[in-house]
Protein chains: 2
Amino acid sequence: MEYLKQKIKECGVVKKGNVLKVDSFLNHQVDVRLYEEIGKEFYRLFGNCEVTKILTIEASGIGIACVTAQFFNCIPVVFAKKSKTSNVSDDVYSSEVASFTHGNVNTVIVSKEYLNKGDRVLIIDDFLANGAALNGLIDIIEQAGAELVGAGIVIEKGFQDGGKLLREKGVRVESLAIIESMNDETGEIVFRN
Amino acid sequence: MEYLKQKIKECGVVKKGNVLKVDSFLNHQVDVRLYEEIGKEFYRLFGNCEVTKILTIEASGIGIACVTAQFFNCIPVVFAKKSKTSNVSDDVYSSEVASFTHGNVNTVIVSKEYLNKGDRVLIIDDFLANGAALNGLIDIIEQAGAELVGAGIVIEKGFQDGGKLLREKGVRVESLAIIESMNDETGEIVFRN
């Protein structure tokens with residue numbers, strides 16, 4: 001997606017520790033026009049997959065998922081919640097997710113009411129790095145007995161192995177921009193073709 | 001907004017402790033079509049106010065704010081982030097917000113880059129009860145020297161005093177559904193006219 005890559009080149013900032021700061025347009029301040037382009041592209045990729053539900057994780061995934069759902073005839077969006085306690089109730093599916101950015105572990109939960117056998121689920125998220133969040137969401141989909149259609153990711157850090165491992169497991173992962181390498185000294189960002 | 005009130009009556013669940021559970025359509029599973037109607041209504045109310053930016057707070061506000069922004073010609077959305085530490089850096093505005101639902105205090109932050117003097121800001125949020133979140137966001141807008149246009153709220157708990165106090169202070173608060181009373185034994189929900 002050229003518009004996205006251009007935006008990352010122009011406004012993304014490479015920080016130490018393999019951090020790519022895109023909070024001027026993606027996950028703090030939001031360019032909603034870009035979200036629309038992202039949603040349109042996810043629809044182009046997954047529009048013929050009979051998706052019944054979009055699953056994402058709070059917080060940054062929510063806006064992208066909601067705008068994407070508009071292209072899918074407003075199918076329901078479910079956002080997994082992060083819980084501080086690992087002591088969760090019987091009426092939720094839960095999975096442990098380690099956060100790369102924050103260096104902690106969250107329990108991620110989805111109410112059993114909102115994910116069911118028969119659902120065909122598209123996961124949407126802003127970033128894929130080591131795949132922790134994605135694996136947590138996939139775990140929850142499996143617990144629900146629902147079917148995973150694939151994952152639509154805005155930015156994948158191709159130099160971390162989350163995407164590779166998931167694709168090897170047979171998960172359809174579609175990332176709109178895959179970063180091959182980035183350099184926090186020069187600020188250079190190289191995309192995979 | 002009749003469609004919203006109908007949805008609350010049909011799908012909202014009144015729980016002990018003045019909790020209204022609307023997570024089947026508003027803040028866990030999302031009815032994106034409803035979000036569109038909400039966004040349209042906020043535009044009807046604030047569309048002539050020369051809003052330059054929409055401010056909300058993670059997590060549940062984000063989707064509503066992004067869909068609303070589409071009606072405002074895709075002006076930027078900024079979502080305030082909740083931080084566990086009160087030890088925040090110099091490049092953010094911050095405010096303390098007590099959470100009614102979770103019984104804790106969060107530091108809420110917005111990067112100084114994304115809110116400026118000259119901005120005319122519309123706050124969007126899903127709930128207004130005691131006004132803690134709203135007051136935190138207003139505090140941040142004041143720190144930035146930006147102008148507050150008003151607040152668009154989906155559901156106001158009219159029996160708590162947040163809305164009343166804010167209106168008395170001169171803030172334009174527009175709530176799409178105001179709950180006058182609710183009863184966790186009968187499940188009855190009464191709206192203010």
# chains A, B, ... in the order shown; residues from 1 in each chain; ligands from 1
>>> interface_residues(of="chain B", to="chain A", cutoff="7 Å", atoms="only C-alpha atoms", output="mmCIF file with C-alpha atoms, in the first residue's frame")
data_model
loop_
_atom_site.group_PDB
_atom_site.id
_atom_site.type_symbol
_atom_site.label_atom_id
_atom_site.label_comp_id
_atom_site.auth_asym_id
_atom_site.auth_seq_id
_atom_site.Cartn_x
_atom_site.Cartn_y
_atom_site.Cartn_z
ATOM 1 C CA HIS B 28 -16.792 -4.703 23.713
ATOM 2 C CA GLN B 29 -18.731 -5.957 20.750
ATOM 3 C CA VAL B 30 -19.438 -2.995 18.485
ATOM 4 C CA ASP B 31 -22.423 -2.265 16.260
ATOM 5 C CA VAL B 32 -20.620 -0.165 13.653
ATOM 6 C CA ARG B 33 -23.895 0.848 12.023
ATOM 7 C CA GLU B 58 -8.743 4.919 25.202
ATOM 8 C CA ALA B 59 -10.186 2.418 24.836
ATOM 9 C CA ILE B 62 -11.578 5.412 19.975
ATOM 10 C CA GLY B 63 -13.914 3.642 17.572
ATOM 11 C CA CYS B 66 -12.873 7.618 14.410
ATOM 12 C CA VAL B 67 -16.272 6.923 12.844
ATOM 13 C CA GLN B 70 -15.512 10.657 9.013
ATOM 14 C CA CYS B 74 -11.777 13.221 8.479
ATOM 15 C CA PRO B 76 -7.618 14.198 13.081
ATOM 16 C CA VAL B 77 -8.610 12.151 16.104
ATOM 17 C CA VAL B 78 -6.320 12.178 19.128
ATOM 18 C CA PHE B 79 -6.803 9.557 21.769
ATOM 19 C CA TYR B 114 -0.927 16.721 18.831
#
>>> select_by_dssp(residues="range 22-168 of chain A", states="alpha helix (DSSP H)", output="PyMOL selection string")
chain A and resi 32-46+61-71+132-144+162-168
>>> atom_distance(atom1="CA of Asp161 in chain A", atom2="CA of Asn193 in chain A")
17.1 Å
>>> select_by_dssp(residues="range 11-184 of chain A", states="strand (DSSP E)", output="VMD selection string")
chain A and resid 13 to 15 19 to 21 29 to 30 53 to 57 77 to 83 92 to 98 105 to 111 120 to 128 147 to 157 173 to 182
>>> closest_residue(among="A:Glu37, A:Leu45, A:Arg120, A:Gly136", to="Lys82 in chain A", atoms="only C-alpha atoms")
A:Gly136
>>> atom_distance(atom1="CA of Tyr93 in chain B", atom2="CA of Lys112 in chain B")
6.0 Å
>>> closest_residue(among="B:Asp184, B:Glu10, B:Glu142, B:Glu50", to="Leu122 in chain B", atoms="only C-alpha atoms")
B:Glu50
>>> residues_around(residues="Gly158 in chain B", least_positions_apart="6", cutoff="9 Å", atoms="only C-alpha atoms", output="PDB file with N, CA, C and O atoms, in the first residue's frame")
ATOM      1  N   LEU B 128     -20.698   9.242  30.293  1.00  0.00           N
ATOM      2  CA  LEU B 128     -20.463  10.341  31.240  1.00  0.00           C
ATOM      3  C   LEU B 128     -21.214   9.989  32.514  1.00  0.00           C
ATOM      4  O   LEU B 128     -22.438   9.798  32.486  1.00  0.00           O
ATOM      5  N   ALA B 129     -20.487   9.876  33.615  1.00  0.00           N
ATOM      6  CA  ALA B 129     -21.133   9.583  34.902  1.00  0.00           C
ATOM      7  C   ALA B 129     -20.752  10.694  35.877  1.00  0.00           C
ATOM      8  O   ALA B 129     -21.395  11.735  35.925  1.00  0.00           O
ATOM      9  N   LYS B 164     -24.222  17.625  35.029  1.00  0.00           N
ATOM     10  CA  LYS B 164     -24.787  18.829  35.649  1.00  0.00           C
ATOM     11  C   LYS B 164     -23.661  19.832  35.988  1.00  0.00           C
ATOM     12  O   LYS B 164     -23.736  21.014  35.631  1.00  0.00           O
ATOM     13  N   ILE B 178     -29.754  10.223  27.834  1.00  0.00           N
ATOM     14  CA  ILE B 178     -29.521  10.522  29.248  1.00  0.00           C
ATOM     15  C   ILE B 178     -30.423   9.615  30.079  1.00  0.00           C
ATOM     16  O   ILE B 178     -31.645   9.602  29.898  1.00  0.00           O
ATOM     17  N   ILE B 179     -29.802   8.851  30.943  1.00  0.00           N
ATOM     18  CA  ILE B 179     -30.574   7.927  31.776  1.00  0.00           C
ATOM     19  C   ILE B 179     -30.968   8.630  33.065  1.00  0.00           C
ATOM     20  O   ILE B 179     -30.113   9.111  33.826  1.00  0.00           O
ATOM     21  N   GLU B 180     -32.277   8.726  33.273  1.00  0.00           N
ATOM     22  CA  GLU B 180     -32.807   9.377  34.469  1.00  0.00           C
ATOM     23  C   GLU B 180     -32.700   8.440  35.658  1.00  0.00           C
ATOM     24  O   GLU B 180     -32.281   8.835  36.754  1.00  0.00           O
ATOM     25  N   SER B 181     -33.058   7.200  35.430  1.00  0.00           N
ATOM     26  CA  SER B 181     -32.975   6.205  36.506  1.00  0.00           C
ATOM     27  C   SER B 181     -32.920   4.814  35.897  1.00  0.00           C
ATOM     28  O   SER B 181     -33.333   4.605  34.747  1.00  0.00           O
ATOM     29  N   PHE B 191     -35.389   7.079  30.494  1.00  0.00           N
ATOM     30  CA  PHE B 191     -34.597   8.143  29.871  1.00  0.00           C
ATOM     31  C   PHE B 191     -35.148   9.518  30.222  1.00  0.00           C
ATOM     32  O   PHE B 191     -36.362   9.679  30.409  1.00  0.00           O
ATOM     33  N   ARG B 192     -34.278  10.490  30.275  1.00  0.00           N
ATOM     34  CA  ARG B 192     -34.719  11.885  30.428  1.00  0.00           C
ATOM     35  C   ARG B 192     -35.234  12.366  29.074  1.00  0.00           C
ATOM     36  O   ARG B 192     -34.672  12.003  28.036  1.00  0.00           O
TER      37      ARG B 192
END
